[in-house]
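Have a look at the structure below before the remarks.
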Amino acid sequence: MGKFTFKKEERLSKEKTIQELFDKGSSFYFFPFKVIFMPAPPPGACHQVMFRVSKKSFSRAVDRNLLKRRMRESYRLNKNLLAESPALIIAYIYNAKEILT
């Protein structure tokens with residue numbers, strides 16, 4: 001069993017890569033999430049992810065941060081399920097209008 005960590009290398013932060021993900025990536029809906037993904041370029045050795053919550057749906061930063069914290073935690077605990085696949089760039093976008101458990 002691997003480490004349950006979420007290191008800085010796993011965070012998607014480069015603006016160019018994020019723009020490419022939204023332009024060229026494939027997507028699907030899995031309520032309450034929209035997931036956008038694409039294969040990582042060869043130098044990327046690990047999966048990179050980002051988490052988004054709409055400011056329009058949740059005007060209070062406290063609520064947006066709560067949802068992003070929960071998404072990061074569930075990714076961190078379940079990322080070992082992605083270990084067999086080639087490296088991916090993934091965006092998780094929360095689409096529900098209320099905070100779900």
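Letters A, B, ... mark the chains of the structure tokens in the order given; residue numbers begin at 1 per chain; ligand numbers begin at 1, in order shown.
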For segment 31-33 of chain A, please output as a count of residues only all residues within 6 Å (counting only C-alpha atoms; exclusion window: fewer than 6 positions along the same chain). 4
Using DSSP on the backbone, list every residue of segment 2-45 of chain A that comes out as strand (DSSP E), and give them as a list of chain:residue names. A:Ser26, A:Ser27, A:Phe28, A:Tyr29, A:Phe30, A:Phe33, A:Lys34, A:Val35, A:Ile36, A:Phe37, A:Met38, A:Pro39
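In this structure, atom CA of Leu88 of chain A sits 27.7 Å away from atom CA of Ser57 of chain A.
Interatomic distance, atom CA of Ser27 of chain A against atom CA of Ala87 of chain A: 16.3 Å.
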Who sits within 12 Å of Ser74 of chain A, only C-alpha atoms, same chain under 4 positions skipped, as a PyMOL selection string: chain A and resi 4-6+51+67-70+78-81+92+101
For C-alpha atoms, I'd like the residues from the last selection saved as a compact mmCIF listing (two decimals), in the first residue's frame.
# COMPACT_ATOMS: atom_id res chain seq x y z
CA PHE A 4 -1.57 8.59 1.31
CA THR A 5 0.01 11.96 0.52
CA PHE A 6 -0.85 14.81 -1.82
CA PHE A 51 -10.21 21.00 -7.88
CA LEU A 67 -15.79 21.45 -0.65
CA LYS A 68 -12.28 21.66 -2.10
CA ARG A 69 -10.82 20.29 1.14
CA ARG A 70 -13.22 17.33 1.01
CA ASN A 78 -8.31 6.86 -3.27
CA LYS A 79 -5.53 7.85 -5.68
CA ASN A 80 -4.00 4.38 -5.42
CA LEU A 81 -6.84 3.22 -7.72
CA TYR A 92 -12.61 17.88 -10.81
CA THR A 101 -22.08 14.90 2.35
Quick one, how far is atom CA of Gln48 of chain A from atom CA of Glu9 of chain A? 7.2 Å
DSSP on the backbone: what in chain A comes out alpha helix (DSSP H), as an mmCIF file with N, CA and C atoms, in the first residue's frame?
data_model
loop_
_atom_site.group_PDB
_atom_site.id
_atom_site.type_symbol
_atom_site.label_atom_id
_atom_site.label_comp_id
_atom_site.auth_asym_id
_atom_site.auth_seq_id
_atom_site.Cartn_x
_atom_site.Cartn_y
_atom_site.Cartn_z
ATOM 1 N N GLU A 15 -0.524 27.442 -15.816
ATOM 2 C CA GLU A 15 -1.643 28.025 -16.563
ATOM 3 C C GLU A 15 -1.746 27.470 -17.981
ATOM 4 N N LYS A 16 -0.622 27.257 -18.627
ATOM 5 C CA LYS A 16 -0.609 26.715 -19.987
ATOM 6 C C LYS A 16 -1.195 25.299 -20.033
ATOM 7 N N THR A 17 -0.833 24.484 -19.060
ATOM 8 C CA THR A 17 -1.334 23.110 -18.985
ATOM 9 C C THR A 17 -2.831 23.093 -18.679
ATOM 10 N N ILE A 18 -3.277 23.994 -17.799
ATOM 11 C CA ILE A 18 -4.698 24.070 -17.459
ATOM 12 C C ILE A 18 -5.514 24.477 -18.689
ATOM 13 N N GLN A 19 -5.030 25.469 -19.438
ATOM 14 C CA GLN A 19 -5.732 25.913 -20.642
ATOM 15 C C GLN A 19 -5.802 24.791 -21.672
ATOM 16 N N GLU A 20 -4.713 24.054 -21.837
ATOM 17 C CA GLU A 20 -4.692 22.922 -22.767
ATOM 18 C C GLU A 20 -5.673 21.830 -22.327
ATOM 19 N N LEU A 21 -5.761 21.596 -21.023
ATOM 20 C CA LEU A 21 -6.695 20.604 -20.492
ATOM 21 C C LEU A 21 -8.137 20.971 -20.851
ATOM 22 N N PHE A 22 -8.517 22.241 -20.636
ATOM 23 C CA PHE A 22 -9.886 22.655 -20.918
ATOM 24 C C PHE A 22 -10.165 22.730 -22.416
ATOM 25 N N ASP A 23 -9.150 22.977 -23.240
ATOM 26 C CA ASP A 23 -9.347 23.039 -24.695
ATOM 27 C C ASP A 23 -9.395 21.662 -25.339
ATOM 28 N N LYS A 24 -8.484 20.771 -24.945
ATOM 29 C CA LYS A 24 -8.315 19.492 -25.639
ATOM 30 C C LYS A 24 -8.737 18.266 -24.841
ATOM 31 N N ALA A 61 -16.536 32.030 0.640
ATOM 32 C CA ALA A 61 -15.270 31.315 0.476
ATOM 33 C C ALA A 61 -15.161 30.133 1.434
ATOM 34 N N VAL A 62 -15.779 30.242 2.591
ATOM 35 C CA VAL A 62 -15.743 29.159 3.575
ATOM 36 C C VAL A 62 -16.353 27.889 2.983
ATOM 37 N N ASP A 63 -17.469 28.037 2.262
ATOM 38 C CA ASP A 63 -18.133 26.883 1.653
ATOM 39 C C ASP A 63 -17.296 26.304 0.516
ATOM 40 N N ARG A 64 -16.727 27.163 -0.324
ATOM 41 C CA ARG A 64 -15.890 26.685 -1.430
ATOM 42 C C ARG A 64 -14.671 25.946 -0.890
ATOM 43 N N ASN A 65 -14.047 26.489 0.147
ATOM 44 C CA ASN A 65 -12.867 25.843 0.722
ATOM 45 C C ASN A 65 -13.213 24.505 1.369
ATOM 46 N N LEU A 66 -14.373 24.423 2.008
ATOM 47 C CA LEU A 66 -14.823 23.168 2.605
ATOM 48 C C LEU A 66 -14.959 22.083 1.536
ATOM 49 N N LEU A 67 -15.595 22.420 0.428
ATOM 50 C CA LEU A 67 -15.788 21.446 -0.648
ATOM 51 C C LEU A 67 -14.457 21.034 -1.272
ATOM 52 N N LYS A 68 -13.581 21.987 -1.518
ATOM 53 C CA LYS A 68 -12.277 21.658 -2.101
ATOM 54 C C LYS A 68 -11.449 20.802 -1.146
ATOM 55 N N ARG A 69 -11.534 21.083 0.140
ATOM 56 C CA ARG A 69 -10.815 20.290 1.142
ATOM 57 C C ARG A 69 -11.317 18.852 1.128
ATOM 58 N N ARG A 70 -12.639 18.688 1.058
ATOM 59 C CA ARG A 70 -13.217 17.330 1.013
ATOM 60 C C ARG A 70 -12.811 16.590 -0.259
ATOM 61 N N MET A 71 -12.795 17.297 -1.397
ATOM 62 C CA MET A 71 -12.409 16.658 -2.655
ATOM 63 C C MET A 71 -10.939 16.235 -2.624
ATOM 64 N N ARG A 72 -10.067 17.098 -2.115
ATOM 65 C CA ARG A 72 -8.646 16.754 -2.017
ATOM 66 C C ARG A 72 -8.438 15.546 -1.115
ATOM 67 N N GLU A 73 -9.163 15.513 -0.014
ATOM 68 C CA GLU A 73 -9.015 14.405 0.932
ATOM 69 C C GLU A 73 -9.483 13.088 0.305
ATOM 70 N N SER A 74 -10.612 13.099 -0.387
ATOM 71 C CA SER A 74 -11.053 11.846 -0.998
ATOM 72 C C SER A 74 -10.154 11.422 -2.138
ATOM 73 N N TYR A 75 -9.588 12.376 -2.878
ATOM 74 C CA TYR A 75 -8.611 12.011 -3.912
ATOM 75 C C TYR A 75 -7.378 11.388 -3.261
ATOM 76 N N ARG A 76 -6.895 12.015 -2.201
ATOM 77 C CA ARG A 76 -5.692 11.544 -1.521
ATOM 78 C C ARG A 76 -5.856 10.108 -1.026
ATOM 79 N N LEU A 77 -7.034 9.782 -0.495
ATOM 80 C CA LEU A 77 -7.267 8.446 0.046
ATOM 81 C C LEU A 77 -7.517 7.397 -1.032
ATOM 82 N N ASN A 78 -7.952 7.824 -2.227
ATOM 83 C CA ASN A 78 -8.310 6.862 -3.272
ATOM 84 C C ASN A 78 -7.434 6.934 -4.512
#
